[in-house]
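Q: The structure follows.
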Number of protein chains: 2
Amino acid sequence: MGIAERKGRERAEREQRITAAARLIAENEGWSAVTIRRLADEIEYSQPVLYAHFENRDAIVAAVAVEGFGELAAALRQAAHESIDHQGALESVAMAYLAFARAHPALYEAMFTMATGLRFAEADTRPELKDAFAALAAAVGPARTDVEVATETFWAALHGLADLERSGRIRQGARAERVRLVVNCLVGP
Amino acid sequence: MGIAERKGRERAEREQRITAAARLIAENEGWSAVTIRRLADEIEYSQPVLYAHFENRDAIVAAVAVEGFGELAAALRQAAHESIDHQGALESVAMAYLAFARAHPALYEAMFTMATGLRFAEADTRPELKDAFAALAAAVGPARTDVEVATETFWAALHGLADLERSGRIRQGARAERVRLVVNCLVGP
DNA sequence: TTATATATTCTAGCATTGCTAACTTGTCAA
DNA sequence: TTGACAAGTTAGCAATGCTAGAATATATAA
């Protein structure tokens with residue numbers, strides 16, 4: 001009997017609607033507008049139902065963040081394919097990273113400044129998180145001995161650029177120059 | 001008559017006590033523990049008094065953040081003095097930046113992830129903010145034509161490293177290697 | 001010195017938040 | 001049909017940021 005299956009499907013679908021609503025509201029009105037009551041309204045259930053899916057509000061943010069890491073990894077992989085040489089690929093990936101952060105500010109915020117519970121390099125690390133790092137490593141990868149150090153540094157530079165651009169602390173105009181500086185550093189010696 | 005002066009002094013002192021209490025509580029228990037009621041208790045006044053000093057809670061966070069920028073600038077300047085050659089100074093400054101973020105996580109959080117109202121490169125930008133940027137620029141400074149681009153990139157790399165280290169997304173161990181990679185990139189050609 | 005006006009500070013309360021206990025309704029097997 | 005269990009709702013708690021209006025202290029004028 002497919003009753004259990006149907007219930008499982010319904011549950012998964014409802015969970016999906018919760019994160020989708022959270023993401024939409026956050027992107028339009030900021031994360032502070034994402035309240036349990038608002039989400040309950042949106043999915044047309046009462047508030048306690050949300051707690052049958054997520055332990056608390058932070059867990060909803062974390063779920064959105066995990067989605068984001070999956071999408072970021074995909075975007076980076078696609079950008080890497082658009083160039084032939086190493087340097088071009090790195091520049092392309094870097095620009096794609098910054099464009100991603102700019103296009104989905106609330107999503108990026110969930111991925112990096114909220115959701116403090118999401119750990120990397122642990123046993124329970126979600127595959128999406130590893131995948132995003134791997135996508136960066138693939139672009140940095142060849143022709144370096146210290147791939148991990150280089151990837152971490154590349155990632156940090158990109159994240160820093162994205163964050164300082166978002167908060168208006170560095171000029172929007174000079175983006176390409178800054179990216180070139182970062183990429184030259186990695187592709188160089 | 002020094003009545004007005006005395007009142008001004010008392011007012012300034014009370015304001016100082018508010019930000020000091022906010023900072024202390026944040027550093028010990030996180031920013032979520034910094035509530036208006038808690039601060040009111042701490043300075044031994046009722047809650048509305050706080051609103052005679054700051055427009056809202058965010059303004060208190062912002063005030064702490066400004067303090068932080070002043071201290072960061074000082075720390076960077078001091079680090080720059082400890083080396084003779086350019087490369088050494090840059091490495092020293094970078095390490096001092098990361099150490100600052102690690103030593104005062106709540107303060108750093110106020111400076112970069114909260115306090116969204118603080119703008120750079122605007123007319124009303126507080127001098128402390130410009131000073132921190134200037135301290136970095138002074139270290140990057142000579143021997144480059146594009147000082148501003150280089151400084152922005154340097155800053156972004158440091159901020160990214162600090163942020164990803166804080167959230168446990170890059171290894172604490174390889175800090176020196178990453179810093180070397182960043183510095184080599186700026187000092188190089 | 002005393003009375004009035006002004007400035008200062010407090011009490012009390014509102015609306016909103018995340019979250020939960022306890023009731024009610026629906027569902028399925030015996 | 002009935003009784004056990006699951007699913008969902010109502011109602012409410014404690015905490016938050018913030019504010020109106022009462023109460024008190026302080027400075028100025030008579």
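Ordering of the structure tokens sets the chain letters (A, B, ...); residue numbers start at 1 within each chain; ligands are numbered from 1 in the order shown.
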Determine, using only C-alpha atoms, which residues of chain A have any atom at most 9 Å from an atom of chain B, and tabulate each with its shortest atom pair and distance in Å to one decimal place, rows ordered by chain and then rising number, as a Markdown table.
A:
```
| residue | atom | partner | partner_atom | distance |
| --- | --- | --- | --- | --- |
| A:Phe112 | CA | B:Ser167 | CA | 8.2 |
| A:Thr113 | CA | B:Thr113 | CA | 6.9 |
| A:Thr116 | CA | B:Ser167 | CA | 7.0 |
| A:Gly117 | CA | B:Ser167 | CA | 8.9 |
| A:Leu118 | CA | B:Ser167 | CA | 8.5 |
| A:Arg119 | CA | B:Gly168 | CA | 6.6 |
| A:Phe120 | CA | B:Arg169 | CA | 5.2 |
| A:Ala121 | CA | B:Arg169 | CA | 7.2 |
| A:Val149 | CA | B:Arg178 | CA | 6.1 |
| A:Ala150 | CA | B:Arg178 | CA | 7.2 |
| A:Glu152 | CA | B:Ile170 | CA | 6.3 |
| A:Thr153 | CA | B:Arg178 | CA | 5.7 |
| A:Phe154 | CA | B:Ala157 | CA | 8.3 |
| A:Trp155 | CA | B:Gly160 | CA | 7.7 |
| A:Ala156 | CA | B:Gly160 | CA | 4.2 |
| A:Ala157 | CA | B:Ala157 | CA | 4.1 |
| A:Leu158 | CA | B:Gly160 | CA | 7.3 |
| A:His159 | CA | B:Gly160 | CA | 5.3 |
| A:Gly160 | CA | B:Gly160 | CA | 3.9 |
| A:Leu161 | CA | B:Ala156 | CA | 5.0 |
| A:Ala162 | CA | B:Ala156 | CA | 8.3 |
| A:Asp163 | CA | B:Ala156 | CA | 8.0 |
| A:Leu164 | CA | B:Ala156 | CA | 6.7 |
| A:Ser167 | CA | B:Thr116 | CA | 6.9 |
| A:Gly168 | CA | B:Arg119 | CA | 6.6 |
| A:Arg169 | CA | B:Phe120 | CA | 5.2 |
| A:Ile170 | CA | B:Glu152 | CA | 6.3 |
| A:Arg171 | CA | B:Glu152 | CA | 8.5 |
| A:Ala174 | CA | B:Val149 | CA | 7.0 |
| A:Arg175 | CA | B:Val149 | CA | 8.8 |
| A:Glu177 | CA | B:Val149 | CA | 7.0 |
| A:Arg178 | CA | B:Thr153 | CA | 5.7 |
| A:Val179 | CA | B:Thr153 | CA | 8.2 |
| A:Leu181 | CA | B:Thr153 | CA | 7.6 |
| A:Val182 | CA | B:Thr153 | CA | 7.5 |
| A:Asn184 | CA | B:Cys185 | CA | 7.7 |
| A:Cys185 | CA | B:Cys185 | CA | 4.7 |
| A:Leu186 | CA | B:Cys185 | CA | 7.9 |
| A:Gly188 | CA | B:Cys185 | CA | 8.6 |
```
Q: Skipping near chain neighbours, those fewer than 5 positions away, what residues fall within 9 Å of DT25 of chain C using only C-alpha atoms (C1' of nucleotides), listed as an NGL selection string?
A: :D and (7-9)
Q: Wanna dump the chain C-chain A contacts at 10 Å for me, each residue with its shortest atom pair and the distance in Å to one decimal, counting only C-alpha atoms (C1' of nucleotides), ordered by chain and number, as a tab-separated table?
A:
```
residue	atom	partner	partner_atom	distance
C:DT17	C1'	A:Thr35	CA	7.9
C:DG18	C1'	A:Ile36	CA	7.6
C:DC19	C1'	A:Asn56	CA	8.3
C:DT20	C1'	A:Pro48	CA	8.4
```
Q: Emit the selected residues as a PDB file, in the first residue's frame, including C-alpha atoms (C1' of nucleotides).
A:
```pdb
ATOM      1  C1'  DT C  17       8.886  37.286  18.252  1.00  0.00           C
ATOM      2  C1'  DG C  18      10.199  32.006  18.840  1.00  0.00           C
ATOM      3  C1'  DC C  19       8.412  28.223  20.790  1.00  0.00           C
ATOM      4  C1'  DT C  20       5.243  24.754  23.355  1.00  0.00           C
TER       5       DT C  20
END
```
Q: Within 12 Å of DA22 of chain C, counting only C-alpha atoms (C1' of nucleotides), which residues qualify if same-chain residues fewer than 4 places away don't, as a list of chain:residue names?
A: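 Neighbouring residues, sequence-local ones excluded: D:DT9, D:DT10, D:DA11, D:DG12.
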Q: If you keep N, CA and C atoms (P, O5', C5', C4', C3', O3' and C1' of nucleotides), can you produce a file of those selected residues as a PDB file, in the first residue's frame?
A:
```
ATOM      1  P    DT D   9      -3.592  22.981  10.782  1.00  0.00           P
ATOM      2  O5'  DT D   9      -4.351  23.451  12.093  1.00  0.00           O
ATOM      3  C5'  DT D   9      -5.652  22.929  12.364  1.00  0.00           C
ATOM      4  C4'  DT D   9      -6.151  23.466  13.691  1.00  0.00           C
ATOM      5  C3'  DT D   9      -5.815  24.936  13.934  1.00  0.00           C
ATOM      6  O3'  DT D   9      -6.980  25.676  14.226  1.00  0.00           O
ATOM      7  C1'  DT D   9      -5.071  23.581  15.774  1.00  0.00           C
ATOM      8  P    DT D  10      -6.965  27.237  14.417  1.00  0.00           P
ATOM      9  O5'  DT D  10      -7.215  27.426  15.974  1.00  0.00           O
ATOM     10  C5'  DT D  10      -7.996  26.471  16.683  1.00  0.00           C
ATOM     11  C4'  DT D  10      -7.898  26.690  18.183  1.00  0.00           C
ATOM     12  C3'  DT D  10      -7.761  28.155  18.628  1.00  0.00           C
ATOM     13  O3'  DT D  10      -8.576  28.375  19.771  1.00  0.00           O
ATOM     14  C1'  DT D  10      -5.936  26.914  19.448  1.00  0.00           C
ATOM     15  P    DA D  11      -8.822  29.819  20.377  1.00  0.00           P
ATOM     16  O5'  DA D  11      -7.794  29.885  21.591  1.00  0.00           O
ATOM     17  C5'  DA D  11      -7.712  28.781  22.487  1.00  0.00           C
ATOM     18  C4'  DA D  11      -6.496  28.936  23.375  1.00  0.00           C
ATOM     19  C3'  DA D  11      -6.251  30.374  23.840  1.00  0.00           C
ATOM     20  O3'  DA D  11      -6.206  30.384  25.254  1.00  0.00           O
ATOM     21  C1'  DA D  11      -4.263  29.420  22.962  1.00  0.00           C
ATOM     22  P    DG D  12      -5.967  31.720  26.060  1.00  0.00           P
ATOM     23  O5'  DG D  12      -4.429  31.668  26.448  1.00  0.00           O
ATOM     24  C5'  DG D  12      -3.925  30.465  27.001  1.00  0.00           C
ATOM     25  C4'  DG D  12      -2.417  30.495  27.005  1.00  0.00           C
ATOM     26  C3'  DG D  12      -1.820  31.819  27.516  1.00  0.00           C
ATOM     27  O3'  DG D  12      -0.977  31.546  28.602  1.00  0.00           O
ATOM     28  C1'  DG D  12      -0.742  31.090  25.561  1.00  0.00           C
TER      29       DG D  12
END
```
Q: Return as an mmCIF file with N, CA and C atoms, in the first residue's frame the residues belonging to chain A that are within 9 Å of chain D, counting only C-alpha atoms (C1' of nucleotides).
A:
```cif
data_model
loop_
_atom_site.group_PDB
_atom_site.id
_atom_site.type_symbol
_atom_site.label_atom_id
_atom_site.label_comp_id
_atom_site.auth_asym_id
_atom_site.auth_seq_id
_atom_site.Cartn_x
_atom_site.Cartn_y
_atom_site.Cartn_z
ATOM 1 N N TYR A 45 -0.617 26.304 6.911
ATOM 2 C CA TYR A 45 -0.723 25.419 8.063
ATOM 3 C C TYR A 45 -0.496 26.268 9.307
ATOM 4 N N SER A 46 -0.779 25.694 10.459
ATOM 5 C CA SER A 46 -0.526 26.438 11.692
ATOM 6 C C SER A 46 0.949 26.329 12.067
ATOM 7 N N PRO A 48 2.824 25.327 14.662
ATOM 8 C CA PRO A 48 3.529 24.145 15.187
ATOM 9 C C PRO A 48 3.904 23.126 14.125
ATOM 10 N N VAL A 49 3.215 23.143 12.999
ATOM 11 C CA VAL A 49 3.560 22.198 11.934
ATOM 12 C C VAL A 49 5.001 22.392 11.474
#
```
Q: Can you check which residues of chain A DSSP gives as helix (DSSP H, G or I) on the backbone and send them as a PyMOL selection string?
A: chain A and resi 3-29+31-33+36-43+47-50+57-81+86-103+105-112+127-140+147-166+175-187
